[in-house]
$ cat start.cif   # mmCIF, C-alpha atoms
data_model
loop_
_atom_site.label_atom_id
_atom_site.label_comp_id
_atom_site.auth_asym_id
_atom_site.auth_seq_id
_atom_site.Cartn_x
_atom_site.Cartn_y
_atom_site.Cartn_z
CA GLN K 15 -6.41 -9.08 -32.62
CA LEU K 16 -4.51 -7.24 -29.91
CA ARG K 17 -6.73 -6.52 -26.88
CA LEU K 18 -5.35 -3.44 -25.14
CA PHE K 19 -7.94 -2.91 -22.41
CA LEU K 20 -9.33 -5.14 -19.71
CA PRO K 21 -13.02 -6.01 -20.10
CA ALA K 22 -15.36 -3.47 -18.56
CA ASN K 23 -16.91 -6.04 -16.23
CA PRO K 24 -15.42 -8.97 -14.30
CA PRO K 25 -16.03 -12.49 -15.66
CA VAL K 26 -19.54 -13.68 -14.89
CA SER K 27 -18.16 -16.96 -13.58
CA GLU K 28 -16.53 -15.19 -10.63
CA ALA K 29 -18.45 -15.39 -7.37
CA GLY K 30 -19.36 -12.08 -5.74
CA THR K 31 -17.40 -10.99 -2.70
CA TRP K 32 -20.37 -11.41 -0.35
CA SER K 33 -21.69 -14.63 -1.84
CA PRO K 34 -21.07 -17.84 0.18
CA LEU K 35 -18.28 -18.82 -2.20
CA GLY K 36 -16.83 -15.32 -2.08
CA LEU K 37 -16.83 -15.29 1.74
CA LEU K 38 -15.20 -18.71 1.76
CA ARG K 39 -12.52 -17.37 -0.55
CA LEU K 40 -11.91 -14.40 1.80
CA LEU K 41 -11.66 -16.81 4.74
CA GLY K 42 -9.10 -18.88 2.85
CA LEU K 43 -7.05 -15.80 2.00
CA PHE K 44 -7.11 -14.68 5.64
CA ALA K 45 -6.06 -18.16 6.79
CA LEU K 46 -3.14 -18.05 4.36
CA SER K 47 -2.22 -14.58 5.65
CA ALA K 48 -2.35 -15.77 9.26
CA VAL K 49 -0.14 -18.80 8.57
CA PHE K 50 2.37 -16.67 6.65
CA THR K 51 2.43 -14.01 9.40
CA TYR K 52 2.92 -16.57 12.16
CA ALA K 53 5.70 -18.30 10.21
CA MET K 54 7.50 -15.02 9.52
CA VAL K 55 7.29 -13.89 13.15
CA GLN K 56 8.63 -17.23 14.39
CA TRP K 57 11.44 -17.19 11.84
CA SER K 58 12.34 -13.62 12.77
CA LEU K 59 12.30 -14.47 16.48
CA ALA K 60 14.76 -17.27 15.84
CA TRP K 61 17.08 -15.70 13.25
CA GLY K 62 15.85 -12.24 12.24
CA ARG K 63 15.42 -8.75 13.63
CA LEU K 64 12.87 -9.85 16.24
CA SER K 65 15.57 -11.92 17.94
CA HIS K 66 16.81 -8.57 19.30
CA THR K 67 15.00 -5.80 21.10
CA PRO K 68 12.87 -3.53 18.84
CA ARG K 69 14.87 -0.94 16.94
CA TYR K 70 14.55 2.22 14.89
CA ASP K 71 11.06 3.44 14.01
CA ASP K 72 9.42 0.40 15.59
CA VAL K 73 10.17 1.74 19.07
CA VAL K 74 8.17 4.93 18.54
CA TYR K 75 5.02 3.16 17.36
CA LEU K 76 5.26 0.35 19.93
CA PHE K 77 5.65 2.88 22.75
CA GLU K 78 2.73 4.97 21.51
CA GLY K 79 0.67 1.79 21.18
CA ILE K 80 1.34 0.96 24.84
CA ARG K 81 0.25 4.46 25.83
CA PHE K 82 -2.99 4.09 23.89
CA TYR K 83 -3.45 0.60 25.40
CA TYR K 84 -3.21 1.91 28.96
CA PHE K 85 -5.52 4.82 28.18
CA LEU K 86 -8.26 2.32 27.33
CA HIS K 87 -7.65 0.30 30.49
CA GLU K 88 -6.89 2.98 33.06
CA TYR K 89 -9.49 4.10 35.61
CA ASP K 90 -10.45 7.75 35.78
CA TYR K 91 -11.78 8.52 39.26
CA MET K 92 -13.89 11.33 37.82
CA GLY K 93 -15.58 9.28 35.13
CA GLY K 94 -14.65 5.62 35.46
CA TYR K 95 -12.95 3.66 32.70
CA HIS K 96 -12.47 5.37 29.36
CA ASN K 97 -14.93 4.14 26.76
CA LEU K 98 -14.19 3.09 23.22
CA ALA K 99 -15.41 6.42 21.79
CA SER K 100 -12.95 8.47 23.86
CA TRP K 101 -10.18 6.02 22.97
CA LEU K 102 -10.87 6.37 19.26
CA GLY K 103 -11.21 10.13 19.73
CA MET K 104 -7.55 10.31 20.73
CA ILE K 105 -6.75 10.41 17.02
CA PHE K 106 -7.97 14.03 17.12
CA THR K 107 -7.22 15.04 20.73
CA GLN K 108 -3.71 13.53 20.76
CA PRO K 109 -2.96 12.89 17.08
CA PRO K 110 -0.19 10.29 16.69
CA HIS K 111 2.43 10.39 13.97
CA SER K 112 0.80 7.33 12.38
CA PRO K 113 -2.71 6.46 13.60
CA PHE K 114 -2.52 3.16 11.74
CA SER K 115 0.61 1.88 13.47
CA VAL K 116 -0.34 3.19 16.91
CA TYR K 117 -3.88 1.78 16.92
CA LEU K 118 -2.68 -1.47 15.35
CA ALA K 119 -0.15 -1.83 18.17
CA ALA K 120 -2.77 -1.04 20.84
CA ILE K 121 -5.31 -3.48 19.36
CA SER K 122 -2.63 -6.16 19.06
CA TYR K 123 -1.70 -5.70 22.73
CA ASN K 124 -5.35 -6.23 23.60
CA LEU K 125 -5.66 -9.34 21.44
CA PHE K 126 -2.30 -11.03 21.99
CA GLY K 127 -1.10 -9.61 25.30
CA LEU K 128 1.52 -7.08 26.36
CA SER K 129 4.44 -8.66 24.55
CA PRO K 130 6.91 -6.86 22.28
CA VAL K 131 5.99 -9.39 19.58
CA SER K 132 2.21 -8.86 19.71
CA PRO K 133 2.04 -5.93 17.25
CA TYR K 134 3.95 -7.92 14.66
CA TYR K 135 1.19 -10.52 14.66
CA GLY K 136 -1.19 -7.63 13.97
CA ASN K 137 0.63 -7.07 10.68
CA VAL K 138 -1.50 -9.94 9.36
CA ILE K 139 -3.91 -7.30 8.01
CA ILE K 140 -1.17 -5.95 5.70
CA VAL K 141 -0.49 -9.44 4.38
CA PHE K 142 -4.22 -9.98 3.91
CA ALA K 143 -4.52 -6.76 1.90
CA LEU K 144 -1.70 -7.99 -0.34
CA VAL K 145 -3.09 -11.47 -1.02
CA TRP K 146 -6.62 -10.11 -1.51
CA ALA K 147 -5.38 -7.57 -4.06
CA VAL K 148 -3.38 -10.15 -6.01
CA GLU K 149 -6.33 -12.57 -6.03
CA TYR K 150 -8.73 -9.81 -7.11
CA PHE K 151 -6.51 -8.41 -9.87
CA THR K 152 -5.76 -11.84 -11.33
CA ARG K 153 -9.35 -13.06 -11.67
CA GLY K 154 -10.24 -14.39 -15.07
CA ILE K 155 -7.67 -17.18 -15.02
CA GLY K 156 -7.86 -20.60 -13.40
CA PRO K 157 -7.87 -20.98 -9.59
CA LEU K 158 -4.57 -22.86 -9.62
CA GLN K 159 -2.84 -20.07 -11.52
CA ARG K 160 -4.27 -17.50 -9.10
CA VAL K 161 -2.99 -19.48 -6.12
CA LEU K 162 0.47 -19.62 -7.70
CA LEU K 163 0.48 -15.83 -8.26
CA VAL K 164 -0.63 -15.20 -4.66
CA LEU K 165 2.18 -17.42 -3.39
CA ALA K 166 4.60 -15.64 -5.73
CA ALA K 167 3.62 -12.30 -4.18
CA LEU K 168 4.42 -13.70 -0.72
CA ALA K 169 7.84 -14.85 -1.98
CA PHE K 170 9.09 -11.28 -2.41
CA PRO K 171 11.04 -9.81 0.55
CA MET K 172 8.55 -6.93 0.80
CA ALA K 173 5.92 -9.39 2.08
CA ALA K 174 8.22 -10.66 4.83
CA SER K 175 9.21 -7.08 5.73
CA ALA K 176 5.52 -6.21 6.07
CA VAL K 177 5.48 -8.63 9.02
CA ALA K 178 8.92 -8.18 10.58
CA GLU K 179 8.93 -4.36 10.41
CA PHE K 180 6.53 -2.26 12.47
CA ARG K 181 6.33 0.97 10.53
CA PRO K 182 3.60 2.43 8.29
CA ASP K 183 5.81 2.79 5.21
CA ILE K 184 5.06 -0.62 3.75
CA ALA K 185 1.33 -0.52 4.51
CA TYR K 186 0.65 2.97 3.15
CA ALA K 187 2.63 2.16 0.00
CA LEU K 188 0.69 -1.08 -0.52
CA LEU K 189 -2.68 0.68 -0.26
CA THR K 190 -1.49 3.43 -2.62
CA ALA K 191 -0.32 0.82 -5.14
CA ILE K 192 -3.65 -1.02 -4.95
CA ALA K 193 -5.51 2.27 -5.48
CA THR K 194 -3.29 3.03 -8.49
CA ILE K 195 -4.02 -0.33 -10.11
CA LEU K 196 -7.76 0.07 -9.49
CA LEU K 197 -7.73 3.43 -11.27
CA LEU K 198 -5.59 2.32 -14.23
CA ARG K 199 -6.53 -1.28 -14.98
CA ARG K 200 -9.28 0.09 -17.24
CA PRO K 201 -9.85 3.55 -18.71
CA LEU K 202 -11.55 5.63 -16.02
CA MET K 203 -14.79 5.89 -18.03
CA GLU K 204 -15.01 2.08 -18.02
CA THR K 205 -14.01 1.57 -14.38
CA ARG K 206 -16.79 0.42 -12.09
CA PRO K 207 -17.87 3.16 -9.62
CA VAL K 208 -17.33 0.85 -6.65
CA GLU K 209 -13.68 0.39 -7.64
CA ILE K 210 -13.23 4.15 -7.90
CA VAL K 211 -14.72 4.70 -4.44
CA VAL K 212 -12.56 1.91 -2.98
CA ALA K 213 -9.52 3.55 -4.57
CA GLY K 214 -10.55 6.84 -2.93
CA ILE K 215 -10.92 5.20 0.49
CA LEU K 216 -7.54 3.49 0.14
CA THR K 217 -5.97 6.81 -0.86
CA ALA K 218 -7.44 8.52 2.20
CA LEU K 219 -6.21 5.73 4.49
CA ALA K 220 -2.74 5.90 2.93
CA LEU K 221 -2.61 9.66 3.53
CA VAL K 222 -3.47 9.17 7.20
CA MET K 223 -1.16 6.18 7.69
CA LYS K 224 1.99 8.21 7.07
CA THR K 225 1.25 11.90 6.79
CA THR K 226 4.69 13.01 5.67
CA THR K 227 4.39 11.04 2.43
CA PHE K 228 1.45 13.07 1.13
CA PRO K 229 3.43 14.47 -1.87
CA LEU K 230 3.98 10.96 -3.23
CA VAL K 231 0.41 9.76 -2.59
CA ILE K 232 -1.17 12.86 -4.10
CA GLY K 233 1.28 12.82 -7.02
CA VAL K 234 0.76 9.20 -8.10
CA ILE K 235 -3.01 9.17 -7.55
CA GLY K 236 -3.39 12.52 -9.31
CA ILE K 237 -1.44 11.39 -12.38
CA SER K 238 -3.35 8.09 -12.36
CA LEU K 239 -6.68 9.94 -12.49
CA PHE K 240 -5.38 12.17 -15.29
CA VAL K 241 -3.93 9.36 -17.40
CA GLY K 242 -6.95 7.16 -16.79
CA SER K 243 -9.23 9.98 -17.98
CA LEU K 244 -7.54 10.48 -21.35
CA PRO K 245 -9.13 7.53 -23.24
CA GLY K 246 -12.63 8.78 -22.40
CA LEU K 247 -12.01 12.47 -22.89
CA LEU K 248 -12.29 12.73 -26.67
CA PRO K 249 -14.38 13.78 -28.40
CA LEU K 250 -15.12 16.56 -25.91
CA ARG K 251 -18.74 16.43 -24.88
CA ARG K 252 -20.52 17.80 -21.87
CA GLU K 253 -21.83 14.42 -20.73
CA ARG K 254 -18.33 12.92 -20.88
CA LEU K 255 -16.87 15.74 -18.80
CA VAL K 256 -19.67 15.39 -16.23
CA ALA K 257 -19.12 11.63 -16.03
CA LEU K 258 -15.38 12.11 -15.56
CA PHE K 259 -16.02 14.79 -12.92
CA TRP K 260 -18.08 12.40 -10.80
CA ARG K 261 -15.47 9.68 -11.20
CA TRP K 262 -12.85 12.09 -9.89
CA MET K 263 -15.20 12.95 -7.03
CA GLY K 264 -15.33 9.24 -6.20
CA VAL K 265 -11.68 9.57 -5.16
CA LEU K 266 -11.67 13.13 -3.84
CA ILE K 267 -14.71 12.89 -1.55
CA PRO K 268 -13.30 10.03 0.59
CA VAL K 269 -10.04 11.98 0.88
CA LEU K 270 -11.87 15.13 1.98
CA VAL K 271 -14.01 13.25 4.48
CA LEU K 272 -11.45 10.79 5.92
CA ALA K 273 -8.01 12.39 5.53
CA VAL K 274 -8.38 16.17 5.56
CA PRO K 275 -9.89 16.41 9.10
CA PHE K 276 -6.91 14.52 10.53
CA TYR K 277 -4.45 16.75 8.67
CA LEU K 278 -6.15 19.81 10.10
CA VAL K 279 -5.66 18.67 13.72
CA ALA K 280 -2.22 17.12 13.12
CA LEU K 281 -0.85 19.93 10.93
CA GLU K 282 1.39 21.40 13.64
CA GLY K 283 2.97 18.02 14.38
CA ILE K 284 3.52 17.33 10.68
CA ILE K 285 5.27 20.69 10.18
CA LEU K 286 7.45 20.19 13.26
CA TYR K 287 8.45 16.72 12.10
CA LEU K 288 9.36 17.91 8.59
CA HIS K 289 11.31 20.85 10.05
CA GLU K 290 13.30 18.57 12.31
CA ALA K 291 13.93 15.93 9.65
CA LEU K 292 14.83 18.26 6.79
CA ILE K 293 16.26 21.37 8.48
CA ALA K 294 17.03 21.21 12.20
CA ARG K 295 18.56 17.73 12.09
CA GLY K 296 18.92 17.31 8.38
CA ASP K 297 22.44 15.94 8.68
CA LEU K 298 21.07 13.03 10.72
CA TYR K 299 18.01 12.17 8.62
CA THR K 300 19.19 12.93 5.09
CA ALA K 301 21.31 10.48 3.14
CA GLN K 302 24.88 11.38 2.16
CA VAL K 303 25.09 9.93 -1.34
CA THR K 304 26.96 10.57 -4.55
CA PRO K 305 25.09 11.91 -7.61
CA PHE K 306 25.06 8.40 -9.11
CA GLN K 307 23.64 6.93 -5.90
CA LYS K 308 21.04 9.70 -5.71
CA TYR K 309 19.51 8.80 -9.07
CA THR K 310 19.89 5.02 -8.82
CA PHE K 311 19.33 4.48 -5.08
CA TYR K 312 16.18 2.37 -5.50
CA ILE K 313 17.13 0.47 -8.67
CA HIS K 314 20.69 -0.49 -7.91
CA GLY K 315 22.84 -2.19 -5.32
CA GLN K 316 21.92 -3.10 -1.76
CA THR K 317 18.60 -1.26 -1.69
CA LEU K 318 17.26 -3.14 -4.70
CA ALA K 319 18.57 -6.42 -3.29
CA GLU K 320 16.76 -5.86 0.01
CA GLY K 321 13.57 -4.61 -1.66
CA LEU K 322 13.09 -7.38 -4.21
CA GLY K 323 15.72 -9.92 -3.17
CA THR K 324 16.81 -12.66 -5.54
CA LEU K 325 13.45 -12.32 -7.31
CA ALA K 326 14.54 -8.96 -8.74
CA TRP K 327 15.37 -10.82 -11.98
CA VAL K 328 11.66 -11.63 -12.37
CA ILE K 329 10.86 -7.98 -13.18
CA PRO K 330 12.91 -7.62 -16.41
CA TRP K 331 11.99 -11.19 -17.36
CA CYS K 332 8.27 -10.34 -17.18
CA ILE K 333 8.81 -7.09 -19.06
CA GLY K 334 10.59 -9.08 -21.77
CA LEU K 335 7.66 -11.50 -21.96
CA LEU K 336 5.27 -8.54 -22.27
CA LEU K 337 7.25 -7.04 -25.16
CA PHE K 338 7.42 -10.44 -26.83
CA ALA K 339 3.64 -10.87 -26.47
CA LEU K 340 2.98 -7.39 -27.85
CA GLY K 341 5.32 -8.00 -30.76
CA PHE K 342 3.45 -11.17 -31.74
CA GLY K 343 0.00 -9.68 -31.21
CA LEU K 344 -0.96 -11.86 -28.28
CA ARG K 345 -3.88 -10.97 -26.02
CA VAL K 346 -2.23 -8.73 -23.44
CA HIS K 347 -3.41 -5.37 -22.10
CA GLY K 348 -0.70 -3.17 -23.55
CA TRP K 349 -2.23 0.22 -22.80
CA PHE K 350 -2.65 -0.71 -19.14
CA TYR K 351 1.10 -1.21 -18.72
CA LEU K 352 1.79 1.95 -20.68
CA ARG K 353 -0.47 3.87 -18.28
CA LEU K 354 1.38 2.36 -15.32
CA LEU K 355 4.55 4.13 -16.45
CA ALA K 356 3.07 7.50 -15.45
CA PRO K 357 2.69 6.91 -11.67
CA LEU K 358 5.94 4.92 -11.64
CA ALA K 359 7.78 7.87 -13.19
CA VAL K 360 6.19 10.39 -10.81
CA ALA K 361 7.01 8.22 -7.80
CA TYR K 362 10.61 7.77 -8.88
CA VAL K 363 11.11 11.50 -9.45
CA ILE K 364 9.73 12.30 -5.99
CA LEU K 365 11.85 9.58 -4.36
CA THR K 366 14.95 10.79 -6.21
CA LEU K 367 14.46 14.43 -5.26
CA SER K 368 13.78 13.62 -1.61
CA PRO K 369 16.89 14.04 0.57
CA MET K 370 15.66 11.21 2.84
CA LYS K 371 16.63 7.90 1.27
CA TYR K 372 16.10 4.52 2.88
CA LEU K 373 14.81 1.15 1.75
CA PHE K 374 11.18 1.48 2.81
CA ALA K 375 10.75 4.94 1.30
CA GLY K 376 10.77 3.06 -2.02
CA SER K 377 8.03 0.65 -0.95
CA TYR K 378 5.48 2.07 -3.39
CA PHE K 379 7.90 1.69 -6.29
CA TYR K 380 8.59 -1.94 -5.38
CA TRP K 381 4.93 -2.85 -4.82
CA MET K 382 4.09 -1.45 -8.25
CA LEU K 383 6.82 -3.51 -9.91
CA ILE K 384 5.60 -6.62 -8.10
CA PHE K 385 1.96 -6.06 -9.13
CA ALA K 386 2.95 -5.30 -12.73
CA SER K 387 4.98 -8.50 -12.98
CA LEU K 388 2.19 -10.64 -11.56
CA LEU K 389 -0.36 -9.03 -13.87
CA ILE K 390 1.84 -9.71 -16.90
CA LEU K 391 1.91 -13.38 -15.94
CA ARG K 392 -1.87 -13.25 -15.45
CA ASP K 393 -2.29 -11.84 -18.98
CA LEU K 394 -0.12 -14.52 -20.51
CA TRP K 395 -2.15 -17.20 -18.73
CA ALA K 396 -5.52 -15.73 -19.71
#

$ encode --input "start.cif" --output "C-alpha cells"
Amino acid sequence: QLRLFLPANPPVSEAGTWSPLGLLRLLGLFALSAVFTYAMVQWSLAWGRLSHTPRYDDVVYLFEGIRFYYFLHEYDYMGGYHNLASWLGMIFTQPPHSPFSVYLAAISYNLFGLSPVSPYYGNVIIVFALVWAVEYFTRGIGPLQRVLLVLAALAFPMAASAVAEFRPDIAYALLTAIATILLLRRPLMETRPVEIVVAGILTALALVMKTTTFPLVIGVIGISLFVGSLPGLLPLRRERLVALFWRWMGVLIPVLVLAVPFYLVALEGIILYLHEALIARGDLYTAQVTPFQKYTFYIHGQTLAEGLGTLAWVIPWCIGLLLFALGFGLRVHGWFYLRLLAPLAVAYVILTLSPMKYLFAGSYFYWMLIFASLLILRDLWA
C-alpha cells in the first residue's frame, strides 16, 4: 500500500531533544559542525577566497561588525562602558543592513579576536543549523544511514560556501528552506504545533537576516501554508477552519513580533537600498543576460555548477528513484514531494523575474533541492 504522508508523530524510539541522549546528539552535531568549519576555513586560507583580502559583500558586514565590536568596548565618559542592552539595542537605533551578519561578526571578534578570519569561524552556526535539520528530517531510519545523509549534505558546495562566504544570503535561505520543510512534511492539520511555531520563528529570523529578500520569503512560506492546508480543509467545517487559523497564527505571530518591528525602524534604509540597486545604479547591480539566460540562470551552466558542484547529478538521479518507487508502489511520501513543487515554483518565478542575478540569490532553490534529494534517500531507506 502506498503511504503518501509522513506519520503524524515521530517514532517513539527517538530520544527527545532535551533528553540526555538528545543533548549528546546535539553535542555531536555541533562537534561535527566545528570540525567542518575549521577545515573549510583552513582550506580556504591556503587555496580559496580567504587567501586574499575580503571582497565583495563580505567587506560591508565585516566593517559593520568591527564598528559594533568597538561600540561594546569603547568608554563613554558620560556613562562608562556601554552595556550589553545598549549594544543589542543598536539593532533599532542604528539598524544594520543585516543584523545577523553584523552581530555574528561582532560576536566572532569577541570570541576569536580581531582577525579578518574570525567571523568565518562564526559561520559554524550555519553549518550546525544544516546538520541539525538533516538529522531531524531523516529520523526514522538507522543511525548509520542518518550519519551518511548528514555527511552527504556537507559534501555539497553550498555547505562550504556557508563557511567561506560572509553574507546573509546562504543563512536566510537555509532557514527559509527548513521552515518550508517543517510546514510541508505533513499536512498542516497533522503537523505538531511546536514545528509550526519553530517554522514561524525561522521565517521571522530569515526576514530580518536579509530584508530585501522579503518577497521570496513571504511568497514561499505563504504558498507552503496554503498548500499544506488543503488536505485538512475538506469537508468545510467550522472546527477545521478554526484549527487551521491557529496553525497559520503559529507562523504569523512570530513574524509580527520578531520581524515587523525591525522593518518599521529599518524601512527607510530598505527603500534607499532597493532604489539604489534597482533604479539609481541599476546598470551596476542588475545582470545583463539574454532571454535564455534569464529563464535558466539557476539551472544551467556556471551558476548551477557552483551551486551544486559535481553532485548536481544526484538531484535527477534521486528524482528518478522517487518516480521508480512510486511506480512500483513502494513506501514513499509522494504527496510531500508534490507539495514541495509549489514553493519551488514560486521561488523560481521570483528569482527569474528579479533583475539581480547572482549565485547566492538562488540559495533557497538549491537548499530545497538538496533537502528533497536527501529526503528521497531517507524514504527509500525507511

$ resolve_selection --input "start.cif" --expression "the PyMOL selection byres ((chain K and resi 63-65) around 12)" --output "PDB file with C-alpha atoms, keeping the file's coordinate frame"
ATOM      1  CA  MET K  54       7.500 -15.020   9.520  1.00  0.00           C
ATOM      2  CA  VAL K  55       7.290 -13.890  13.150  1.00  0.00           C
ATOM      3  CA  GLN K  56       8.630 -17.230  14.390  1.00  0.00           C
ATOM      4  CA  TRP K  57      11.440 -17.190  11.840  1.00  0.00           C
ATOM      5  CA  SER K  58      12.340 -13.620  12.770  1.00  0.00           C
ATOM      6  CA  LEU K  59      12.300 -14.470  16.480  1.00  0.00           C
ATOM      7  CA  ALA K  60      14.760 -17.270  15.840  1.00  0.00           C
ATOM      8  CA  TRP K  61      17.080 -15.700  13.250  1.00  0.00           C
ATOM      9  CA  GLY K  62      15.850 -12.240  12.240  1.00  0.00           C
ATOM     10  CA  HIS K  66      16.810  -8.570  19.300  1.00  0.00           C
ATOM     11  CA  THR K  67      15.000  -5.800  21.100  1.00  0.00           C
ATOM     12  CA  PRO K  68      12.870  -3.530  18.840  1.00  0.00           C
ATOM     13  CA  ARG K  69      14.870  -0.940  16.940  1.00  0.00           C
ATOM     14  CA  TYR K  70      14.550   2.220  14.890  1.00  0.00           C
ATOM     15  CA  ASP K  72       9.420   0.400  15.590  1.00  0.00           C
ATOM     16  CA  SER K 129       4.440  -8.660  24.550  1.00  0.00           C
ATOM     17  CA  PRO K 130       6.910  -6.860  22.280  1.00  0.00           C
ATOM     18  CA  VAL K 131       5.990  -9.390  19.580  1.00  0.00           C
ATOM     19  CA  SER K 132       2.210  -8.860  19.710  1.00  0.00           C
ATOM     20  CA  PRO K 133       2.040  -5.930  17.250  1.00  0.00           C
ATOM     21  CA  TYR K 134       3.950  -7.920  14.660  1.00  0.00           C
ATOM     22  CA  TYR K 135       1.190 -10.520  14.660  1.00  0.00           C
ATOM     23  CA  ALA K 174       8.220 -10.660   4.830  1.00  0.00           C
ATOM     24  CA  SER K 175       9.210  -7.080   5.730  1.00  0.00           C
ATOM     25  CA  VAL K 177       5.480  -8.630   9.020  1.00  0.00           C
ATOM     26  CA  ALA K 178       8.920  -8.180  10.580  1.00  0.00           C
ATOM     27  CA  GLU K 179       8.930  -4.360  10.410  1.00  0.00           C
ATOM     28  CA  PHE K 180       6.530  -2.260  12.470  1.00  0.00           C
TER      29      PHE K 180
END

$ resolve_selection --input "start.cif" --expression "the PyMOL selection byres ((chain K and resi 235) around 10)" --output "ChimeraX atom specification"
/K:190-191,193-195,197-198,213-214,217,230-234,236-241,265,357,360

$ residues_around --input "start.cif" --residues "Val148 in chain K" --least-positions-apart "2" --cutoff "12 Å" --atoms "all atoms listed in the file" --output "ChimeraX atom specification"
/K:43,141-146,150-153,159-168,188,191-192,195-196,381-382,384-389,391-392

$ residues_around --input "start.cif" --residues "Phe374 in chain K" --least-positions-apart "2" --cutoff "10 Å" --atoms "only C-alpha atoms" --output "ChimeraX atom specification"
/K:172,175,179,181-184,187,312,317,320-321,371-372,376-380

$ closest_residue --input "start.cif" --among "K:Met203, K:Met263, K:Ala273, K:Val73" --to "Met223 in chain K" --atoms "only C-alpha atoms"
K:Ala273

$ atom_distance --input "start.cif" --atom1 "CA of Tyr123 in chain K" --atom2 "CA of Ser100 in chain K"
18.1 Å

$ closest_residue --input "start.cif" --among "K:Gly315, K:Gly323, K:Gly246, K:Gly283" --to "Thr226 in chain K" --atoms "all atoms listed in the file"
K:Gly283

$ residues_around --input "start.cif" --residues "Thr310 in chain K" --least-positions-apart "6" --cutoff "10 Å" --atoms "all atoms listed in the file" --output "JSON, numbers by chain"
{"K": [304, 317, 318, 362, 366]}

$ write_last_selection --input "start.cif" --atoms "C-alpha atoms" --output "PDB file, in the frame of the given file"
ATOM      1  CA  THR K 304      26.960  10.570  -4.550  1.00  0.00           C
ATOM      2  CA  THR K 317      18.600  -1.260  -1.690  1.00  0.00           C
ATOM      3  CA  LEU K 318      17.260  -3.140  -4.700  1.00  0.00           C
ATOM      4  CA  TYR K 362      10.610   7.770  -8.880  1.00  0.00           C
ATOM      5  CA  THR K 366      14.950  10.790  -6.210  1.00  0.00           C
TER       6      THR K 366
END

$ closest_residue --input "start.cif" --among "K:Leu35, K:Thr51, K:Val211, K:Pro110" --to "Ile267 in chain K" --atoms "all atoms listed in the file"
K:Val211

$ atom_distance --input "start.cif" --atom1 "CA of Ala48 in chain K" --atom2 "CA of Val138 in chain K"
5.9 Å

$ closest_residue --input "start.cif" --among "K:Phe259, K:Ile284, K:Gly264, K:Phe311" --to "Glu209 in chain K" --atoms "only C-alpha atoms"
K:Gly264

$ build_atoms --input "start.cif" --residues "range 334-338 of chain K" --atoms "all heavy atoms" --output "PDB file, in the coordinates of the input"
ATOM      1  N   GLY K 334      10.207  -8.476 -20.498  1.00  0.00           N
ATOM      2  CA  GLY K 334      10.590  -9.080 -21.770  1.00  0.00           C
ATOM      3  C   GLY K 334       9.472  -9.931 -22.350  1.00  0.00           C
ATOM      4  O   GLY K 334       9.208  -9.888 -23.561  1.00  0.00           O
ATOM      5  N   LEU K 335       8.791 -10.696 -21.500  1.00  0.00           N
ATOM      6  CA  LEU K 335       7.660 -11.500 -21.960  1.00  0.00           C
ATOM      7  C   LEU K 335       6.544 -10.606 -22.499  1.00  0.00           C
ATOM      8  O   LEU K 335       5.900 -10.934 -23.505  1.00  0.00           O
ATOM      9  CB  LEU K 335       7.128 -12.359 -20.806  1.00  0.00           C
ATOM     10  CG  LEU K 335       7.954 -13.586 -20.419  1.00  0.00           C
ATOM     11  CD1 LEU K 335       7.318 -14.287 -19.228  1.00  0.00           C
ATOM     12  CD2 LEU K 335       8.061 -14.557 -21.598  1.00  0.00           C
ATOM     13  N   LEU K 336       6.311  -9.478 -21.820  1.00  0.00           N
ATOM     14  CA  LEU K 336       5.270  -8.540 -22.270  1.00  0.00           C
ATOM     15  C   LEU K 336       5.607  -8.009 -23.654  1.00  0.00           C
ATOM     16  O   LEU K 336       4.747  -7.968 -24.544  1.00  0.00           O
ATOM     17  CB  LEU K 336       5.131  -7.407 -21.266  1.00  0.00           C
ATOM     18  CG  LEU K 336       4.189  -6.264 -21.679  1.00  0.00           C
ATOM     19  CD1 LEU K 336       2.761  -6.764 -21.788  1.00  0.00           C
ATOM     20  CD2 LEU K 336       4.282  -5.103 -20.689  1.00  0.00           C
ATOM     21  N   LEU K 337       6.845  -7.572 -23.856  1.00  0.00           N
ATOM     22  CA  LEU K 337       7.250  -7.040 -25.160  1.00  0.00           C
ATOM     23  C   LEU K 337       7.153  -8.113 -26.233  1.00  0.00           C
ATOM     24  O   LEU K 337       6.736  -7.839 -27.370  1.00  0.00           O
ATOM     25  CB  LEU K 337       8.668  -6.481 -25.063  1.00  0.00           C
ATOM     26  CG  LEU K 337       8.852  -5.270 -24.134  1.00  0.00           C
ATOM     27  CD1 LEU K 337      10.325  -4.876 -24.051  1.00  0.00           C
ATOM     28  CD2 LEU K 337       8.000  -4.099 -24.593  1.00  0.00           C
ATOM     29  N   PHE K 338       7.521  -9.331 -25.875  1.00  0.00           N
ATOM     30  CA  PHE K 338       7.420 -10.440 -26.830  1.00  0.00           C
ATOM     31  C   PHE K 338       5.958 -10.665 -27.218  1.00  0.00           C
ATOM     32  O   PHE K 338       5.634 -10.831 -28.402  1.00  0.00           O
ATOM     33  CB  PHE K 338       7.994 -11.703 -26.189  1.00  0.00           C
ATOM     34  CG  PHE K 338       7.835 -12.932 -27.033  1.00  0.00           C
ATOM     35  CD1 PHE K 338       8.747 -13.235 -28.047  1.00  0.00           C
ATOM     36  CD2 PHE K 338       6.776 -13.805 -26.812  1.00  0.00           C
ATOM     37  CE1 PHE K 338       8.597 -14.375 -28.820  1.00  0.00           C
ATOM     38  CE2 PHE K 338       6.620 -14.952 -27.581  1.00  0.00           C
ATOM     39  CZ  PHE K 338       7.531 -15.225 -28.592  1.00  0.00           C
TER      40      PHE K 338
END
